[in-house]
Amino acid sequence: MTDGTIVRHPHRGGKGGRGYLPAVDHPAIIEGRTVYTSTVKDPAAAGGILKSGHHNPKIGKVVTKGRWKGFPIFMLTLEERKTCPRSCGSWRSCYGNNVHLGERWQHGPELEHFLVHEVVALQNRYPSGFAVRLHILGDFYSVDYVLTWRALMETCPALHVFGFTARIDPEEPITRAVAKLRRDFPTRWWMRFSGALMEKMASEVVELPEQATPGFIVCPQQTGRTLACATCGLCWSSNKSIAFLRH
Ligand code: SF4
């Protein structure tokens with residue numbers, strides 16, 4: 001299998017880089033939205049909101065090792081900041097600042113409608129298993145949205161989810177609903193809590209690998225030790241916390 005069959009445009013590792021940082025008084029920072037408003041699309045016009053990981057050099061098309069081997073990977077992208085808690089430690093330096101062209105789906109009941117439709121279709125197409133990465137951008141925006149995922153986890157046994165959330169306030173109902181999914185589906189729901197002071201199942205963003213909190217593993221894709229999530233699998237095979245290099 002060549003790198004190109006895993007990711008459409010491979011690149012190995014990352015030396016980091018100087019990303020675009022909006023000014024503190026940029027409307028996107030104040031209003032809580034993406035910088036690139038024209039990329040926010042209506043899910044009804046999408047022709048599919050879950051996109052193959054093949055299109056993303058960090059994710060990959062299909063898992064090549066471990067318990068999820070053979071699972072195709074799909075991704076969901078929402079609008080950064082608009083769906084995120086203002087407490088997010090990357091509110092201003094969000095990765096989305098450098099995603100100029102990527103489509104973000106408008107959040108709300110319509111998105112949830114299409115999500116259910118597409119996940120059920122994937123369940124029928126891939127009954128042995130498939131993975132969904134939440135969220136390339138954006139976050140869990142309501143309890144109802146989390147409960148949509150809960151209903152899908154309960155009814156679609158092939159569905160496996162991994163990703164990160166900045167919903168880390170334990171008093172917040174959204175956080176509690178996400179954490180309960182982890183407890184109820186420990187082998188299928190791998191959502192880490194970004195910035196949480198936890199030894200396990202947390203994540204953090206650092207400038208340099210040596211700044212990672214002791215015990216945290218630096219994402220191997222970012223240090224060039226693996227091609228993509230598809231060839232790594234750490235996020236869904238270990239509950240160790242993970243450090244990411246700031247983009
Ligand atoms: S640790 Fe592995 S699975 Fe997790 S984000 Fe990095 S490359 Fe992907």
# chains A, B, ... in the order shown; residues from 1 in each chain; ligands from 1

$ residues_around --residues "range 218-235 of chain A" --least-positions-apart "2" --cutoff "9 Å" --atoms "only C-alpha atoms" --output "number ranges by chain"
A: 3, 6-7, 10-16, 53, 56-69, 71-73, 162-163, 190-192, 201, 209-210, 212, 216, 237-245

$ residues_around --residues "Phe193 in chain A" --least-positions-apart "6" --cutoff "10 Å" --atoms "only C-alpha atoms" --output "PyMOL selection string"
chain A and resi 163-169+175+178-179+200-204+241-242

$ write_last_selection --atoms "N, CA and C atoms" --output "PDB file, in the first residue's frame"
ATOM      1  N   GLY A 163     -11.684  11.770  18.598  1.00  0.00           N
ATOM      2  CA  GLY A 163     -11.504  13.202  18.410  1.00  0.00           C
ATOM      3  C   GLY A 163     -11.254  13.905  19.727  1.00  0.00           C
ATOM      4  N   PHE A 164     -11.587  15.192  19.733  1.00  0.00           N
ATOM      5  CA  PHE A 164     -11.223  16.062  20.851  1.00  0.00           C
ATOM      6  C   PHE A 164     -12.332  17.073  21.066  1.00  0.00           C
ATOM      7  N   THR A 165     -12.539  17.430  22.331  1.00  0.00           N
ATOM      8  CA  THR A 165     -13.513  18.471  22.628  1.00  0.00           C
ATOM      9  C   THR A 165     -12.923  19.447  23.627  1.00  0.00           C
ATOM     10  N   ALA A 166     -13.267  20.701  23.449  1.00  0.00           N
ATOM     11  CA  ALA A 166     -12.865  21.717  24.427  1.00  0.00           C
ATOM     12  C   ALA A 166     -13.957  21.917  25.475  1.00  0.00           C
ATOM     13  N   ARG A 167     -14.985  21.091  25.420  1.00  0.00           N
ATOM     14  CA  ARG A 167     -16.038  21.129  26.465  1.00  0.00           C
ATOM     15  C   ARG A 167     -15.500  20.376  27.672  1.00  0.00           C
ATOM     16  N   ILE A 168     -14.841  21.084  28.560  1.00  0.00           N
ATOM     17  CA  ILE A 168     -14.170  20.402  29.674  1.00  0.00           C
ATOM     18  C   ILE A 168     -14.685  20.836  31.038  1.00  0.00           C
ATOM     19  N   ASP A 169     -15.611  21.791  31.072  1.00  0.00           N
ATOM     20  CA  ASP A 169     -16.155  22.227  32.365  1.00  0.00           C
ATOM     21  C   ASP A 169     -17.082  21.129  32.894  1.00  0.00           C
ATOM     22  N   THR A 175     -20.555  18.840  28.552  1.00  0.00           N
ATOM     23  CA  THR A 175     -19.388  18.057  28.983  1.00  0.00           C
ATOM     24  C   THR A 175     -19.832  16.738  29.613  1.00  0.00           C
ATOM     25  N   VAL A 178     -20.988  14.260  27.022  1.00  0.00           N
ATOM     26  CA  VAL A 178     -19.877  13.677  26.250  1.00  0.00           C
ATOM     27  C   VAL A 178     -19.131  12.651  27.109  1.00  0.00           C
ATOM     28  N   ALA A 179     -18.880  13.007  28.368  1.00  0.00           N
ATOM     29  CA  ALA A 179     -18.150  12.098  29.266  1.00  0.00           C
ATOM     30  C   ALA A 179     -18.930  10.803  29.484  1.00  0.00           C
ATOM     31  N   LYS A 200      -5.394  11.013  32.085  1.00  0.00           N
ATOM     32  CA  LYS A 200      -5.852  10.162  30.990  1.00  0.00           C
ATOM     33  C   LYS A 200      -6.895  10.908  30.166  1.00  0.00           C
ATOM     34  N   MET A 201      -6.947  10.566  28.869  1.00  0.00           N
ATOM     35  CA  MET A 201      -7.987  11.059  27.962  1.00  0.00           C
ATOM     36  C   MET A 201      -8.073  12.583  27.892  1.00  0.00           C
ATOM     37  N   ALA A 202      -6.913  13.233  28.089  1.00  0.00           N
ATOM     38  CA  ALA A 202      -6.863  14.679  27.877  1.00  0.00           C
ATOM     39  C   ALA A 202      -5.995  14.950  26.651  1.00  0.00           C
ATOM     40  N   SER A 203      -5.951  16.189  26.244  1.00  0.00           N
ATOM     41  CA  SER A 203      -5.006  16.597  25.210  1.00  0.00           C
ATOM     42  C   SER A 203      -4.586  18.023  25.514  1.00  0.00           C
ATOM     43  N   GLU A 204      -3.472  18.412  24.936  1.00  0.00           N
ATOM     44  CA  GLU A 204      -2.976  19.773  25.134  1.00  0.00           C
ATOM     45  C   GLU A 204      -2.293  20.229  23.864  1.00  0.00           C
ATOM     46  N   SER A 241      -2.929  10.607  27.635  1.00  0.00           N
ATOM     47  CA  SER A 241      -3.200  11.938  27.102  1.00  0.00           C
ATOM     48  C   SER A 241      -2.203  12.269  25.994  1.00  0.00           C
ATOM     49  N   ILE A 242      -2.617  13.124  25.083  1.00  0.00           N
ATOM     50  CA  ILE A 242      -1.836  13.399  23.879  1.00  0.00           C
ATOM     51  C   ILE A 242      -1.563  14.898  23.762  1.00  0.00           C
TER      52      ILE A 242
END

$ closest_residue --among "A:His55, A:His26, A:Arg133, A:His117" --to "ligand 1" --atoms "only C-alpha atoms and all ligand atoms"
A:Arg133

$ residues_around --residues "range 85-101 of chain A" --least-positions-apart "6" --cutoff "9 Å" --atoms "only C-alpha atoms" --output "VMD selection string"
chain A and resid 19 to 24 28 to 29 32 34 to 36 38 to 39 79 136 to 141 166 to 168 194 to 195 205 246 to 247

$ select_by_dssp --residues "range 94-162 of chain A" --states "helix (DSSP H, G or I)" --output "NGL selection string"
:A and (95-98 or 109-125 or 143-155)

$ write_last_selection --atoms "N, CA and C atoms" --output "mmCIF file, in the first residue's frame"
data_model
loop_
_atom_site.group_PDB
_atom_site.id
_atom_site.type_symbol
_atom_site.label_atom_id
_atom_site.label_comp_id
_atom_site.auth_asym_id
_atom_site.auth_seq_id
_atom_site.Cartn_x
_atom_site.Cartn_y
_atom_site.Cartn_z
ATOM 1 N N TYR A 95 -6.805 26.285 14.831
ATOM 2 C CA TYR A 95 -6.325 25.680 13.587
ATOM 3 C C TYR A 95 -7.130 26.169 12.372
ATOM 4 N N GLY A 96 -8.420 26.435 12.588
ATOM 5 C CA GLY A 96 -9.278 26.872 11.490
ATOM 6 C C GLY A 96 -8.840 28.192 10.864
ATOM 7 N N ASN A 97 -8.054 28.983 11.589
ATOM 8 C CA ASN A 97 -7.562 30.244 11.017
ATOM 9 C C ASN A 97 -6.762 30.006 9.743
ATOM 10 N N ASN A 98 -6.214 28.788 9.618
ATOM 11 C CA ASN A 98 -5.382 28.469 8.449
ATOM 12 C C ASN A 98 -6.086 27.532 7.472
ATOM 13 N N PRO A 109 -30.465 21.615 13.912
ATOM 14 C CA PRO A 109 -31.302 20.434 13.644
ATOM 15 C C PRO A 109 -31.138 19.868 12.234
ATOM 16 N N GLU A 110 -30.933 20.738 11.257
ATOM 17 C CA GLU A 110 -30.786 20.236 9.884
ATOM 18 C C GLU A 110 -29.519 19.390 9.756
ATOM 19 N N LEU A 111 -28.438 19.851 10.353
ATOM 20 C CA LEU A 111 -27.190 19.075 10.342
ATOM 21 C C LEU A 111 -27.421 17.719 11.000
ATOM 22 N N GLU A 112 -28.130 17.729 12.116
ATOM 23 C CA GLU A 112 -28.367 16.473 12.833
ATOM 24 C C GLU A 112 -29.211 15.520 11.986
ATOM 25 N N HIS A 113 -30.150 16.067 11.249
ATOM 26 C CA HIS A 113 -30.976 15.256 10.350
ATOM 27 C C HIS A 113 -30.095 14.538 9.316
ATOM 28 N N PHE A 114 -29.220 15.280 8.684
ATOM 29 C CA PHE A 114 -28.360 14.668 7.664
ATOM 30 C C PHE A 114 -27.348 13.717 8.285
ATOM 31 N N LEU A 115 -26.892 14.056 9.473
ATOM 32 C CA LEU A 115 -25.934 13.200 10.168
ATOM 33 C C LEU A 115 -26.532 11.813 10.419
ATOM 34 N N VAL A 116 -27.747 11.792 10.918
ATOM 35 C CA VAL A 116 -28.405 10.509 11.188
ATOM 36 C C VAL A 116 -28.515 9.706 9.891
ATOM 37 N N HIS A 117 -28.978 10.359 8.865
ATOM 38 C CA HIS A 117 -29.157 9.714 7.570
ATOM 39 C C HIS A 117 -27.830 9.104 7.086
ATOM 40 N N GLU A 118 -26.771 9.872 7.170
ATOM 41 C CA GLU A 118 -25.481 9.411 6.624
ATOM 42 C C GLU A 118 -24.842 8.330 7.489
ATOM 43 N N VAL A 119 -24.947 8.455 8.794
ATOM 44 C CA VAL A 119 -24.332 7.432 9.654
ATOM 45 C C VAL A 119 -25.071 6.097 9.489
ATOM 46 N N VAL A 120 -26.386 6.161 9.385
ATOM 47 C CA VAL A 120 -27.146 4.909 9.177
ATOM 48 C C VAL A 120 -26.752 4.278 7.832
ATOM 49 N N ALA A 121 -26.561 5.106 6.824
ATOM 50 C CA ALA A 121 -26.128 4.579 5.514
ATOM 51 C C ALA A 121 -24.743 3.930 5.634
ATOM 52 N N LEU A 122 -23.849 4.546 6.417
ATOM 53 C CA LEU A 122 -22.513 3.971 6.597
ATOM 54 C C LEU A 122 -22.592 2.656 7.384
ATOM 55 N N GLN A 123 -23.517 2.624 8.352
ATOM 56 C CA GLN A 123 -23.713 1.372 9.101
ATOM 57 C C GLN A 123 -24.089 0.233 8.139
ATOM 58 N N ASN A 124 -24.952 0.533 7.191
ATOM 59 C CA ASN A 124 -25.378 -0.497 6.233
ATOM 60 C C ASN A 124 -24.255 -0.854 5.256
ATOM 61 N N ARG A 125 -23.456 0.138 4.918
ATOM 62 C CA ARG A 125 -22.393 -0.084 3.939
ATOM 63 C C ARG A 125 -21.167 -0.751 4.558
ATOM 64 N N VAL A 143 -26.538 19.964 24.007
ATOM 65 C CA VAL A 143 -26.812 18.628 24.561
ATOM 66 C C VAL A 143 -27.588 17.805 23.534
ATOM 67 N N ASP A 144 -28.514 18.429 22.833
ATOM 68 C CA ASP A 144 -29.281 17.693 21.819
ATOM 69 C C ASP A 144 -28.363 17.086 20.757
ATOM 70 N N TYR A 145 -27.352 17.841 20.384
ATOM 71 C CA TYR A 145 -26.399 17.326 19.387
ATOM 72 C C TYR A 145 -25.648 16.113 19.949
ATOM 73 N N VAL A 146 -25.208 16.196 21.194
ATOM 74 C CA VAL A 146 -24.522 15.043 21.805
ATOM 75 C C VAL A 146 -25.480 13.853 21.879
ATOM 76 N N LEU A 147 -26.740 14.142 22.196
ATOM 77 C CA LEU A 147 -27.712 13.046 22.290
ATOM 78 C C LEU A 147 -27.990 12.422 20.922
ATOM 79 N N THR A 148 -27.815 13.194 19.864
ATOM 80 C CA THR A 148 -27.916 12.612 18.519
ATOM 81 C C THR A 148 -26.813 11.570 18.334
ATOM 82 N N TRP A 149 -25.603 11.935 18.766
ATOM 83 C CA TRP A 149 -24.505 10.967 18.685
ATOM 84 C C TRP A 149 -24.775 9.758 19.576
ATOM 85 N N ARG A 150 -25.362 10.002 20.753
ATOM 86 C CA ARG A 150 -25.681 8.864 21.630
ATOM 87 C C ARG A 150 -26.658 7.907 20.938
ATOM 88 N N ALA A 151 -27.677 8.455 20.318
ATOM 89 C CA ALA A 151 -28.662 7.605 19.631
ATOM 90 C C ALA A 151 -27.982 6.812 18.519
ATOM 91 N N LEU A 152 -27.050 7.459 17.824
ATOM 92 C CA LEU A 152 -26.344 6.749 16.746
ATOM 93 C C LEU A 152 -25.432 5.661 17.309
ATOM 94 N N MET A 153 -24.772 5.950 18.425
ATOM 95 C CA MET A 153 -23.912 4.931 19.048
ATOM 96 C C MET A 153 -24.744 3.728 19.489
ATOM 97 N N GLU A 154 -25.957 4.003 19.960
ATOM 98 C CA GLU A 154 -26.806 2.909 20.452
ATOM 99 C C GLU A 154 -27.371 2.072 19.312
ATOM 100 N N THR A 155 -27.613 2.690 18.172
ATOM 101 C CA THR A 155 -28.304 1.973 17.091
ATOM 102 C C THR A 155 -27.374 1.507 15.963
#
